[in-house]
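Novice: Got a file for you: entry.csv, CSV, C-alpha atoms (C1' of nucleotides).
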```csv
chain,number,residue,atom,x,y,z
A,1,MET,CA,6.9,166.9,87.9
A,2,PRO,CA,5.5,169.2,85.2
A,3,GLU,CA,2.9,168.2,82.7
A,4,LEU,CA,0.6,170.7,81.1
A,5,PRO,CA,-1.5,171.4,84.2
A,6,GLU,CA,1.6,172.0,86.4
A,7,VAL,CA,3.1,174.3,83.8
A,8,GLU,CA,-0.2,176.2,83.4
A,9,VAL,CA,-0.6,176.5,87.2
A,10,THR,CA,2.9,177.8,87.4
A,11,ARG,CA,2.3,180.3,84.7
A,12,ARG,CA,-0.9,181.6,86.3
A,13,SER,CA,0.8,182.0,89.6
A,14,PHE,CA,3.4,184.6,88.4
A,15,ALA,CA,2.2,185.9,85.0
A,16,GLU,CA,0.4,189.0,86.4
A,17,PRO,CA,2.8,190.0,89.2
A,18,ILE,CA,5.8,189.9,86.8
A,19,THR,CA,4.2,191.6,83.9
A,20,GLY,CA,5.8,195.0,83.3
A,21,ALA,CA,8.8,194.2,85.4
A,22,VAL,CA,12.3,195.3,84.3
A,23,ILE,CA,15.2,192.8,84.6
A,24,ARG,CA,17.8,194.1,87.0
A,25,GLN,CA,20.1,191.1,87.3
A,26,PHE,CA,20.2,187.8,85.6
A,27,GLN,CA,22.4,184.8,86.5
A,28,MET,CA,22.6,181.2,85.5
A,29,GLY,CA,23.9,178.3,87.6
A,30,LYS,CA,25.0,174.9,86.3
A,31,PRO,CA,24.4,174.2,82.6
A,32,LEU,CA,20.8,173.1,81.8
A,33,ARG,CA,19.6,171.2,78.7
A,34,TRP,CA,20.6,174.0,76.3
A,35,PRO,CA,22.7,177.1,76.7
A,36,LEU,CA,20.9,180.4,77.3
A,37,GLY,CA,21.8,181.6,73.9
A,38,CYS,CA,23.1,185.1,74.9
A,39,SER,CA,25.1,186.6,77.7
A,40,PRO,CA,23.1,187.1,80.9
A,41,ALA,CA,24.1,190.7,80.9
A,42,LYS,CA,22.3,191.2,77.6
A,43,LEU,CA,19.0,190.6,79.4
A,44,VAL,CA,19.4,193.3,82.0
A,45,GLY,CA,17.2,196.3,81.3
A,46,LYS,CA,14.7,194.3,79.2
A,47,GLN,CA,11.0,194.4,80.2
A,48,ILE,CA,8.6,191.5,80.6
A,49,THR,CA,5.5,192.1,78.6
A,50,SER,CA,3.6,188.8,79.1
A,51,VAL,CA,3.9,185.2,80.1
A,52,ARG,CA,2.4,182.6,77.7
A,53,ARG,CA,2.5,178.8,77.5
A,54,ARG,CA,2.9,176.4,74.6
A,55,GLY,CA,2.7,172.8,75.5
A,56,LYS,CA,5.0,172.4,78.4
A,57,TYR,CA,7.0,175.5,77.5
A,58,LEU,CA,6.6,178.8,79.2
A,59,LEU,CA,7.2,181.8,76.9
A,60,ILE,CA,8.3,184.9,78.8
A,61,ASP,CA,7.9,187.8,76.3
A,62,LEU,CA,10.3,190.6,76.6
A,63,ASN,CA,10.2,194.0,74.9
A,64,GLN,CA,13.0,192.6,72.8
A,65,GLY,CA,12.9,188.8,72.2
A,66,LEU,CA,11.6,186.2,74.6
A,67,LEU,CA,12.7,183.5,77.0
A,68,LEU,CA,11.7,179.9,76.5
A,69,VAL,CA,11.5,178.1,79.9
A,70,HIS,CA,11.1,174.3,80.2
A,71,LEU,CA,10.8,172.6,83.6
A,72,GLY,CA,12.0,169.2,82.4
A,73,MET,CA,11.3,166.4,84.8
A,74,SER,CA,12.2,168.1,88.1
A,75,GLY,CA,12.0,171.9,87.5
A,76,SER,CA,9.9,174.4,89.5
A,77,LEU,CA,9.8,178.2,89.5
A,78,ARG,CA,9.4,180.5,92.4
A,79,PHE,CA,8.5,184.2,92.1
A,80,ALA,CA,8.4,186.5,95.2
A,81,PRO,CA,9.3,190.1,96.0
A,82,GLN,CA,12.4,188.7,97.9
A,83,LEU,CA,13.9,185.3,97.8
A,84,GLY,CA,16.7,184.1,100.2
A,85,PRO,CA,20.2,183.0,99.2
A,86,LEU,CA,20.6,180.6,96.3
A,87,GLN,CA,20.2,176.9,97.2
A,88,THR,CA,21.7,173.8,95.6
A,89,HIS,CA,20.0,173.2,92.2
A,90,ASP,CA,18.9,176.8,91.7
A,91,HIS,CA,20.0,177.3,88.1
A,92,MET,CA,18.4,180.6,87.1
A,93,ASP,CA,17.9,183.7,89.1
A,94,MET,CA,16.2,186.7,87.5
A,95,VAL,CA,15.9,189.7,89.7
A,96,THR,CA,13.4,192.2,88.4
A,97,SER,CA,11.8,195.5,89.6
A,98,GLN,CA,8.8,193.5,90.8
A,99,GLY,CA,10.4,190.4,92.3
A,100,THR,CA,12.7,187.6,91.7
A,101,LEU,CA,12.0,184.6,89.4
A,102,ARG,CA,14.1,181.5,90.3
A,103,LEU,CA,14.3,178.1,88.7
A,104,HIS,CA,15.0,175.1,90.9
A,105,ASP,CA,15.8,172.0,88.9
A,106,PRO,CA,17.8,169.1,90.5
A,107,ARG,CA,18.0,166.9,87.4
A,108,ARG,CA,18.7,169.8,85.0
A,109,PHE,CA,16.6,168.4,82.2
A,110,GLY,CA,15.0,171.9,82.1
A,111,ALA,CA,16.0,174.8,80.0
A,112,VAL,CA,16.1,178.6,79.8
A,113,VAL,CA,16.7,179.9,76.3
A,114,TYR,CA,16.7,183.4,74.9
A,115,VAL,CA,15.6,184.0,71.4
A,116,PRO,CA,15.6,187.3,69.6
A,117,SER,CA,12.2,186.7,68.1
A,118,GLU,CA,9.5,184.0,67.7
A,119,ALA,CA,10.7,183.6,64.1
A,120,SER,CA,14.1,182.3,65.3
A,121,PRO,CA,15.1,178.9,64.1
A,122,THR,CA,15.4,177.8,67.7
A,123,VAL,CA,11.7,178.4,68.3
A,124,GLN,CA,11.0,176.3,65.2
A,125,LYS,CA,13.2,173.5,66.4
A,126,LEU,CA,11.7,173.4,69.9
A,127,LEU,CA,8.0,174.3,69.2
A,128,GLY,CA,7.6,173.7,65.5
A,129,HIS,CA,6.5,170.1,65.7
A,130,LEU,CA,4.1,170.5,68.6
A,131,GLY,CA,0.5,169.4,68.2
A,132,VAL,CA,-2.7,171.2,69.1
A,133,GLU,CA,-3.4,172.7,72.6
A,134,PRO,CA,-5.8,170.3,74.3
A,135,LEU,CA,-7.6,173.0,76.3
A,136,ASP,CA,-8.1,175.3,73.2
A,137,ASP,CA,-11.1,175.2,70.9
A,138,GLY,CA,-8.7,174.1,68.1
A,139,PHE,CA,-8.6,170.6,69.7
A,140,ASP,CA,-11.4,169.1,67.6
A,141,PRO,CA,-12.7,165.6,68.3
A,142,LEU,CA,-13.1,164.7,64.6
A,143,ASP,CA,-9.7,166.0,63.7
A,144,PHE,CA,-8.3,164.0,66.7
A,145,TYR,CA,-10.0,160.8,65.4
A,146,ARG,CA,-8.6,161.3,61.9
A,147,ALA,CA,-5.1,161.9,63.2
A,148,LEU,CA,-5.3,158.7,65.4
A,149,GLN,CA,-6.2,156.8,62.2
A,150,THR,CA,-2.7,157.5,60.8
A,151,LYS,CA,-0.8,156.1,63.8
A,152,LYS,CA,0.0,152.4,64.2
A,153,THR,CA,1.7,153.0,67.6
A,154,ALA,CA,0.1,152.2,71.0
A,155,ILE,CA,-2.3,155.0,72.0
A,156,LYS,CA,-0.3,155.8,75.2
A,157,GLN,CA,2.8,156.4,73.1
A,158,VAL,CA,0.9,158.6,70.7
A,159,LEU,CA,-0.4,160.8,73.5
A,160,LEU,CA,3.0,161.2,75.0
A,161,HIS,CA,4.6,162.0,71.7
A,162,GLY,CA,3.2,165.5,71.5
A,163,ASP,CA,3.0,166.0,67.8
A,164,LEU,CA,-0.7,165.3,67.7
A,165,VAL,CA,-1.8,166.9,71.0
A,166,VAL,CA,0.6,168.6,73.5
A,167,GLY,CA,0.9,168.6,77.2
A,168,VAL,CA,-0.2,165.1,78.1
A,169,GLY,CA,2.6,163.5,80.1
A,170,ASN,CA,3.1,160.2,81.8
A,171,ILE,CA,0.6,160.7,84.6
A,172,TYR,CA,-2.3,162.2,82.6
A,173,ALA,CA,-1.8,159.8,79.7
A,174,SER,CA,-2.7,156.9,82.0
A,175,GLU,CA,-5.4,158.9,83.7
A,176,ALA,CA,-7.1,160.0,80.5
A,177,LEU,CA,-7.0,156.5,79.0
A,178,PHE,CA,-8.6,155.1,82.2
A,179,ARG,CA,-11.4,157.6,82.0
A,180,ALA,CA,-11.9,156.7,78.4
A,181,GLY,CA,-12.0,153.0,79.1
A,182,ILE,CA,-9.2,152.3,76.5
A,183,ARG,CA,-6.3,149.9,77.0
A,184,PRO,CA,-3.0,151.9,76.7
A,185,THR,CA,-1.5,149.3,74.4
A,186,LEU,CA,-4.2,149.6,71.8
A,187,ALA,CA,-3.0,150.7,68.4
A,188,ALA,CA,-4.2,154.3,67.9
A,189,GLN,CA,-5.6,153.5,64.4
A,190,LYS,CA,-7.9,150.8,65.9
A,191,ILE,CA,-9.8,153.3,68.0
A,192,SER,CA,-13.3,153.8,66.7
A,193,LYS,CA,-14.7,157.3,66.1
A,194,SER,CA,-16.9,157.2,69.2
A,195,ARG,CA,-14.1,156.0,71.5
A,196,ALA,CA,-11.8,158.6,70.0
A,197,GLN,CA,-14.4,161.3,70.9
A,198,ARG,CA,-14.6,159.9,74.4
A,199,LEU,CA,-10.8,160.0,74.7
A,200,HIS,CA,-10.8,163.6,73.4
A,201,GLN,CA,-13.2,164.5,76.1
A,202,SER,CA,-11.3,162.6,78.8
A,203,ILE,CA,-8.0,164.4,77.9
A,204,ARG,CA,-9.8,167.8,78.2
A,205,ASP,CA,-11.5,166.8,81.4
A,206,VAL,CA,-8.5,165.4,83.2
A,207,LEU,CA,-6.2,168.3,82.3
A,208,HIS,CA,-8.8,170.9,83.0
A,209,HIS,CA,-9.6,169.3,86.4
A,210,ALA,CA,-5.9,169.1,87.3
A,211,VAL,CA,-5.4,172.8,86.5
A,212,GLU,CA,-8.3,173.7,88.7
A,213,ARG,CA,-7.0,171.6,91.5
A,214,GLY,CA,-3.6,173.3,91.3
A,215,GLY,CA,-1.6,170.5,89.6
A,216,SER,CA,-0.2,167.2,90.8
A,217,THR,CA,1.9,166.9,94.0
A,218,LEU,CA,3.0,163.4,93.2
A,219,ASN,CA,6.3,164.2,94.8
A,220,ASP,CA,6.9,167.9,95.3
A,221,PHE,CA,5.2,170.1,92.8
A,222,THR,CA,4.5,173.6,93.9
A,223,ASN,CA,3.4,176.7,92.0
A,224,ALA,CA,5.6,179.9,91.9
A,225,HIS,CA,4.3,180.8,95.4
A,226,GLY,CA,5.5,177.4,96.8
A,227,GLU,CA,1.9,176.1,97.3
A,228,GLN,CA,1.2,172.4,96.6
A,229,GLY,CA,-1.5,171.0,94.3
A,230,GLN,CA,-3.7,168.1,95.2
A,231,PHE,CA,-4.3,166.0,92.0
A,232,GLN,CA,-2.5,162.9,93.2
A,233,ILE,CA,-5.1,162.4,95.9
A,234,GLU,CA,-7.5,161.7,93.1
A,235,ALA,CA,-5.4,159.7,90.7
A,236,MET,CA,-7.5,156.7,89.4
A,237,VAL,CA,-4.6,154.5,88.2
A,238,TYR,CA,-1.2,156.4,88.3
A,239,ASP,CA,1.2,154.8,90.9
A,240,ARG,CA,-1.7,152.6,92.2
A,241,GLN,CA,-0.4,149.2,91.0
A,242,GLY,CA,-1.8,146.4,93.2
A,243,LEU,CA,-4.4,148.7,94.7
A,244,PRO,CA,-8.1,148.1,94.0
A,245,CYS,CA,-9.6,150.0,91.0
A,246,ARG,CA,-11.8,152.8,92.3
A,247,ILE,CA,-14.6,151.7,90.0
A,248,CYS,CA,-14.5,147.9,89.8
A,249,LYS,CA,-12.1,146.9,92.7
A,250,ASN,CA,-10.0,144.8,90.4
A,251,LYS,CA,-6.2,145.2,91.0
A,252,ILE,CA,-4.6,148.0,89.0
A,253,LYS,CA,-1.8,146.8,86.8
A,254,LYS,CA,1.5,148.3,85.8
A,255,MET,CA,3.5,147.7,82.6
A,256,VAL,CA,6.2,149.4,80.7
A,257,GLN,CA,5.8,151.1,77.3
A,258,GLY,CA,8.7,152.9,75.7
A,259,GLN,CA,10.7,152.7,79.0
A,260,ARG,CA,7.9,154.5,80.8
A,261,ALA,CA,5.5,153.1,83.4
A,262,THR,CA,1.9,152.7,82.4
A,263,TYR,CA,-1.0,152.0,84.8
A,264,TYR,CA,-4.4,150.6,83.9
A,265,CYS,CA,-7.3,148.5,85.0
A,266,SER,CA,-7.7,145.4,82.8
A,267,VAL,CA,-11.4,145.3,83.5
A,268,CYS,CA,-12.4,148.9,83.0
A,269,GLN,CA,-10.1,149.5,80.0
A,270,LYS,CA,-10.7,147.4,76.8
A,271,ASN,CA,-9.0,146.8,73.5
B,1,DA,C1',9.0,159.0,57.2
B,2,DG,C1',7.7,156.7,61.2
B,3,DG,C1',8.9,154.2,64.9
B,4,DG,C1',12.1,152.5,68.5
B,5,DT,C1',16.2,153.4,71.7
B,6,DG,C1',19.8,155.8,74.2
B,7,DA,C1',21.2,159.8,76.4
B,8,DC,C1',21.1,163.8,79.4
B,9,DC,C1',21.4,164.4,85.4
B,10,DT,C1',20.4,164.0,90.3
B,11,DG,C1',17.8,162.1,94.2
B,12,DT,C1',15.3,158.5,96.5
B,13,DC,C1',13.9,154.1,97.6
B,14,DG,C1',13.9,149.1,98.2
B,15,DG,C1',16.6,144.9,98.5
B,16,DC,C1',20.5,142.4,100.1
C,1,DT,C1',24.5,151.0,108.1
C,2,DG,C1',26.1,150.8,103.4
C,3,DC,C1',26.2,149.8,98.7
C,4,DC,C1',23.9,149.1,94.2
C,5,DG,C1',20.5,149.0,91.0
C,6,DA,C1',16.0,150.6,89.5
C,7,DC,C1',13.2,154.3,88.8
C,8,DA,C1',11.2,159.3,88.6
C,9,DG,C1',6.6,164.0,86.0
C,10,DG,C1',10.5,165.2,79.4
C,11,DT,C1',12.2,165.1,74.9
C,12,DC,C1',15.9,165.5,71.5
C,13,DA,C1',19.3,163.1,68.5
C,14,DC,C1',20.1,159.2,66.4
C,15,DC,C1',19.4,154.5,64.4
C,16,DC,C1',17.0,151.3,61.4
```
What would the structure in this file look like if it were written as structure tokens?
Specialist:
Amino acid sequence: MPELPEVEVTRRSFAEPITGAVIRQFQMGKPLRWPLGCSPAKLVGKQITSVRRRGKYLLIDLNQGLLLVHLGMSGSLRFAPQLGPLQTHDHMDMVTSQGTLRLHDPRRFGAVVYVPSEASPTVQKLLGHLGVEPLDDGFDPLDFYRALQTKKTAIKQVLLHGDLVVGVGNIYASEALFRAGIRPTLAAQKISKSRAQRLHQSIRDVLHHAVERGGSTLNDFTNAHGEQGQFQIEAMVYDRQGLPCRICKNKIKKMVQGQRATYYCSVCQKN
DNA sequence: AGGGTGACCTGTCGGC
DNA sequence: TGCCGACAGGTCACCC
């Protein structure tokens, strides 16, 4: 469910209303990817000072320490003044003075981790290797080209890997490569400077556009108010195998790279 | 060191 | 209808 746009849409939907709130109760359900890292009781009384994002992680800053939240493959957050009884797959419930934040995550690939400070080794382990933020000014086309020159791997895999640029998941990797006219299997180091610059722009465009449209609803994405996004309506290639390309009418193809599905148009996307 | 694979967990869908 | 395998938006640990 969540790539960068979905995580950012989620962040925007609850960052303001939760800022300044004091945690009144905190409880975890079944184990997630990693343990919380402290007793839930320790979080009671702490105040939320801001909500940031790094890649696909949400960083909930507290007056002491911070919570790292990852939505994994199937996670979603809700924030509301009042939420009903816990449902199956609700695995974090944080009652605050300004509303309740709840994580719903059927597959439990997500995580909620408390760290005492951003200098903690856990932060280094989880965030230390992450590449540049694609929507920030620090994402520079020439730097991007130079970095691609060092990678022999297929460009699709490089985008997914996250050490070069963060936040591009399986949907938006296919979409960005379609927009750039680049075949997903092409070795990253074979991409020319001008094509790398076009890909750089495509990544920014596709992610920016998806954030503006409220994220993908491929299955069931909702923001923290339970509202759906509408990106999937406009997907050019993702999950469209056998359907006509929206540009050239050739059939969209599907293949597998690194055990993940890749979609592309063999006419519009070239090696 | 970089690159490839398996593992984590649950739900859904298509085929027989 | 029921069972079984394949697959789903992520990413870390481990192998070579």
Novice: Out of A:Gly128, A:Gly169, A:Pro134, A:Gly45, which residue has the shortest atom-to-atom distance to C:DG9 when counting all atoms listed in the file?
Specialist: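 Using all atoms listed in the file, C:DG9 sits closest to A:Gly169.
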Novice: Please, what distance in Å, to one decimal, runs between atom CA of A:Leu199 and atom CA of A:Asp137?
Specialist: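 Calculated distance between atom CA of A:Leu199 and atom CA of A:Asp137 is 15.7 Å.
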Novice: State, in Å with one decimal place, the distance from atom CA of A:Arg179 to atom CA of A:Gln241.
Specialist: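 Interatomic distance, atom CA of A:Arg179 to atom CA of A:Gln241: 16.5 Å.
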Novice: Identify which of the residues A:Leu177, A:Ala187, A:Leu127, A:Leu86 lies closest to chain C, counting all atoms listed in the file when measuring atom-to-atom distances.
Specialist: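 Closest residue, counting all atoms listed in the file: A:Leu127.
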Novice: Place a sphere of radius 12 Å on (9.2, 175.2, 77.4) in the file coordinates and name every protein, DNA or RNA residue with an atom inside or on its surface, counting all atoms listed in the file; give the answer as a PyMOL selection string.
Specialist: (chain A and resi 2-4+7-8+11+33-34+51-60+66-73+75+109-114+122-123+125-127+130+166-167) or (chain C and resi 10-11)
Novice: Could you pull the residues within 10 Å of C:DC15, counting all atoms listed in the file, minus those fewer than 3 positions along the same chain, as a list of chain:residue names?
Specialist: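 Selected residues are B:DG4, B:DT5, B:DG6.
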Novice: Can you tell me which residues surround A:Ile252 at a distance of at most 6 Å, considering all atoms listed in the file, apart from same-chain residues fewer than 6 positions away, and format the answer as a short mmCIF file (atom, residue, chain, number, x, y, z; two decimals) with C-alpha atoms, in the coordinates of the input?
Specialist:
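Heads up, here's the output in part.cif:
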```
data_model
loop_
_atom_site.label_atom_id
_atom_site.label_comp_id
_atom_site.auth_asym_id
_atom_site.auth_seq_id
_atom_site.Cartn_x
_atom_site.Cartn_y
_atom_site.Cartn_z
CA GLN A 241 -0.40 149.20 91.00
CA GLY A 242 -1.80 146.40 93.20
CA LEU A 243 -4.40 148.70 94.70
CA CYS A 245 -9.60 150.00 91.00
CA TYR A 264 -4.40 150.60 83.90
CA CYS A 265 -7.30 148.50 85.00
#
```
Novice: As a list in words, please: the residues near A:Arg198 (cut-off 9 Å, all atoms listed in the file, same-chain neighbours under 4 positions excluded).
Specialist: Pro141, Arg179, Ala180, Gly181, Lys193, Ser194, Ser202 and Ile203 of chain A
Novice: Select residues of chain A: the criterion is any atom within 9 Å of an atom of chain B, counting only C-alpha atoms (C1' of nucleotides); output as a PDB file with C-alpha atoms, in the coordinates of the input.
Specialist:
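Done, and the output landed in iface36.pdb:
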```pdb
ATOM      1  CA  ARG A  33      19.600 171.200  78.700  1.00  0.00           C
ATOM      2  CA  PRO A 106      17.800 169.100  90.500  1.00  0.00           C
ATOM      3  CA  ARG A 107      18.000 166.900  87.400  1.00  0.00           C
ATOM      4  CA  ARG A 108      18.700 169.800  85.000  1.00  0.00           C
ATOM      5  CA  PHE A 109      16.600 168.400  82.200  1.00  0.00           C
ATOM      6  CA  LYS A 151      -0.800 156.100  63.800  1.00  0.00           C
ATOM      7  CA  THR A 153       1.700 153.000  67.600  1.00  0.00           C
ATOM      8  CA  GLY A 258       8.700 152.900  75.700  1.00  0.00           C
TER       9      GLY A 258
END
```
Novice: For a test of reading the model, state the distance in Å between atom CA of A:Val95 and atom CA of A:Gln47, rounded to one decimal.
Specialist: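 Spanning atom CA of A:Val95 to atom CA of A:Gln47 is a straight-line distance of 11.7 Å.
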Novice: Considering all atoms listed in the file, can you say which of A:Phe79, A:Phe221, A:Phe26, A:Phe144 comes closest to chain C?
Specialist: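 Selected residue with least distance to chain C: A:Phe221.
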Novice: Between A:Arg24, A:Lys46, A:Arg78, A:Lys253, which residue has the minimum interatomic distance to A:Gly226, considering all atoms listed in the file?
Specialist: A:Arg78
Novice: Within 8 Å of A:Tyr145, counting all atoms listed in the file, which residues qualify if same-chain residues fewer than 5 places away don't, as a VMD selection string?
Specialist: chain A and resid 191 to 193 196 to 197
Novice: Extract, using only C-alpha atoms (C1' of nucleotides), all DNA, RNA and protein residues at most 8 Å from A:Val211, discarding same-chain residues fewer than 5 positions from it, and format them as a ChimeraX atom specification.
Specialist: /A:5-6,8-9
Novice: Of the candidates A:Asp163, A:Glu227, A:Asp205, A:Glu212, which one gets nearest to chain C if we count all atoms listed in the file?
Specialist: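 Ranked by minimum distance to chain C, first place goes to A:Asp163.
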Novice: Calculated over only C-alpha atoms (C1' of nucleotides), which of the candidates A:Ile155, A:Ala188, A:Val256, A:Ile247 has the smallest distance to chain C?
Specialist: A:Val256
Novice: From (1.9, 187.8, 86.6), in the file's coordinates, out to 12 Å: which residues are reached, counting all atoms listed in the file? Answer as a list in words.
Specialist: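 All residues meeting the 12 Å criterion around (1.9, 187.8, 86.6) are Val9, Thr10, Arg11, Arg12, Ser13, Phe14, Ala15, Glu16, Pro17, Ile18, Thr19, Gly20, Ala21, Ile48, Thr49, Ser50, Val51, Arg52, Ile60, Asp61, Arg78, Phe79, Ala80, Gln98, Gly99, Thr100, Leu101, Ala224 and His225 of chain A.
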Novice: Just add N, CA and C atoms to stretch 164-177 of chain A and send it as a PDB file, keeping the file's coordinate frame.
Specialist:
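And here is the file that came out, selection.pdb:
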```
ATOM      1  N   LEU A 164       0.702 165.305  68.062  1.00  0.00           N
ATOM      2  CA  LEU A 164      -0.700 165.300  67.700  1.00  0.00           C
ATOM      3  C   LEU A 164      -1.471 166.221  68.692  1.00  0.00           C
ATOM      4  N   VAL A 165      -1.240 166.005  69.981  1.00  0.00           N
ATOM      5  CA  VAL A 165      -1.800 166.900  71.000  1.00  0.00           C
ATOM      6  C   VAL A 165      -0.707 167.061  72.058  1.00  0.00           C
ATOM      7  N   VAL A 166      -0.535 168.279  72.546  1.00  0.00           N
ATOM      8  CA  VAL A 166       0.600 168.600  73.500  1.00  0.00           C
ATOM      9  C   VAL A 166       0.129 168.489  74.939  1.00  0.00           C
ATOM     10  N   GLY A 167       1.109 168.404  75.814  1.00  0.00           N
ATOM     11  CA  GLY A 167       0.900 168.600  77.200  1.00  0.00           C
ATOM     12  C   GLY A 167       0.476 167.400  78.040  1.00  0.00           C
ATOM     13  N   VAL A 168       0.176 166.281  77.359  1.00  0.00           N
ATOM     14  CA  VAL A 168      -0.200 165.100  78.100  1.00  0.00           C
ATOM     15  C   VAL A 168       1.061 164.291  78.407  1.00  0.00           C
ATOM     16  N   GLY A 169       1.433 164.254  79.666  1.00  0.00           N
ATOM     17  CA  GLY A 169       2.600 163.500  80.100  1.00  0.00           C
ATOM     18  C   GLY A 169       2.274 162.169  80.646  1.00  0.00           C
ATOM     19  N   ASN A 170       3.217 161.582  81.354  1.00  0.00           N
ATOM     20  CA  ASN A 170       3.100 160.200  81.800  1.00  0.00           C
ATOM     21  C   ASN A 170       1.929 159.949  82.745  1.00  0.00           C
ATOM     22  N   ILE A 171       1.690 160.886  83.629  1.00  0.00           N
ATOM     23  CA  ILE A 171       0.600 160.700  84.600  1.00  0.00           C
ATOM     24  C   ILE A 171      -0.749 160.828  83.884  1.00  0.00           C
ATOM     25  N   TYR A 172      -0.934 161.936  83.177  1.00  0.00           N
ATOM     26  CA  TYR A 172      -2.300 162.200  82.600  1.00  0.00           C
ATOM     27  C   TYR A 172      -2.580 161.337  81.414  1.00  0.00           C
ATOM     28  N   ALA A 173      -1.565 160.760  80.767  1.00  0.00           N
ATOM     29  CA  ALA A 173      -1.800 159.800  79.700  1.00  0.00           C
ATOM     30  C   ALA A 173      -2.553 158.574  80.291  1.00  0.00           C
ATOM     31  N   SER A 174      -2.008 158.034  81.380  1.00  0.00           N
ATOM     32  CA  SER A 174      -2.700 156.900  82.000  1.00  0.00           C
ATOM     33  C   SER A 174      -4.041 157.278  82.542  1.00  0.00           C
ATOM     34  N   GLU A 175      -4.155 158.443  83.136  1.00  0.00           N
ATOM     35  CA  GLU A 175      -5.400 158.900  83.700  1.00  0.00           C
ATOM     36  C   GLU A 175      -6.503 159.079  82.641  1.00  0.00           C
ATOM     37  N   ALA A 176      -6.111 159.700  81.533  1.00  0.00           N
ATOM     38  CA  ALA A 176      -7.100 160.000  80.500  1.00  0.00           C
ATOM     39  C   ALA A 176      -7.553 158.664  79.825  1.00  0.00           C
ATOM     40  N   LEU A 177      -6.621 157.724  79.636  1.00  0.00           N
ATOM     41  CA  LEU A 177      -7.000 156.500  79.000  1.00  0.00           C
ATOM     42  C   LEU A 177      -7.920 155.647  79.962  1.00  0.00           C
TER      43      LEU A 177
END
```
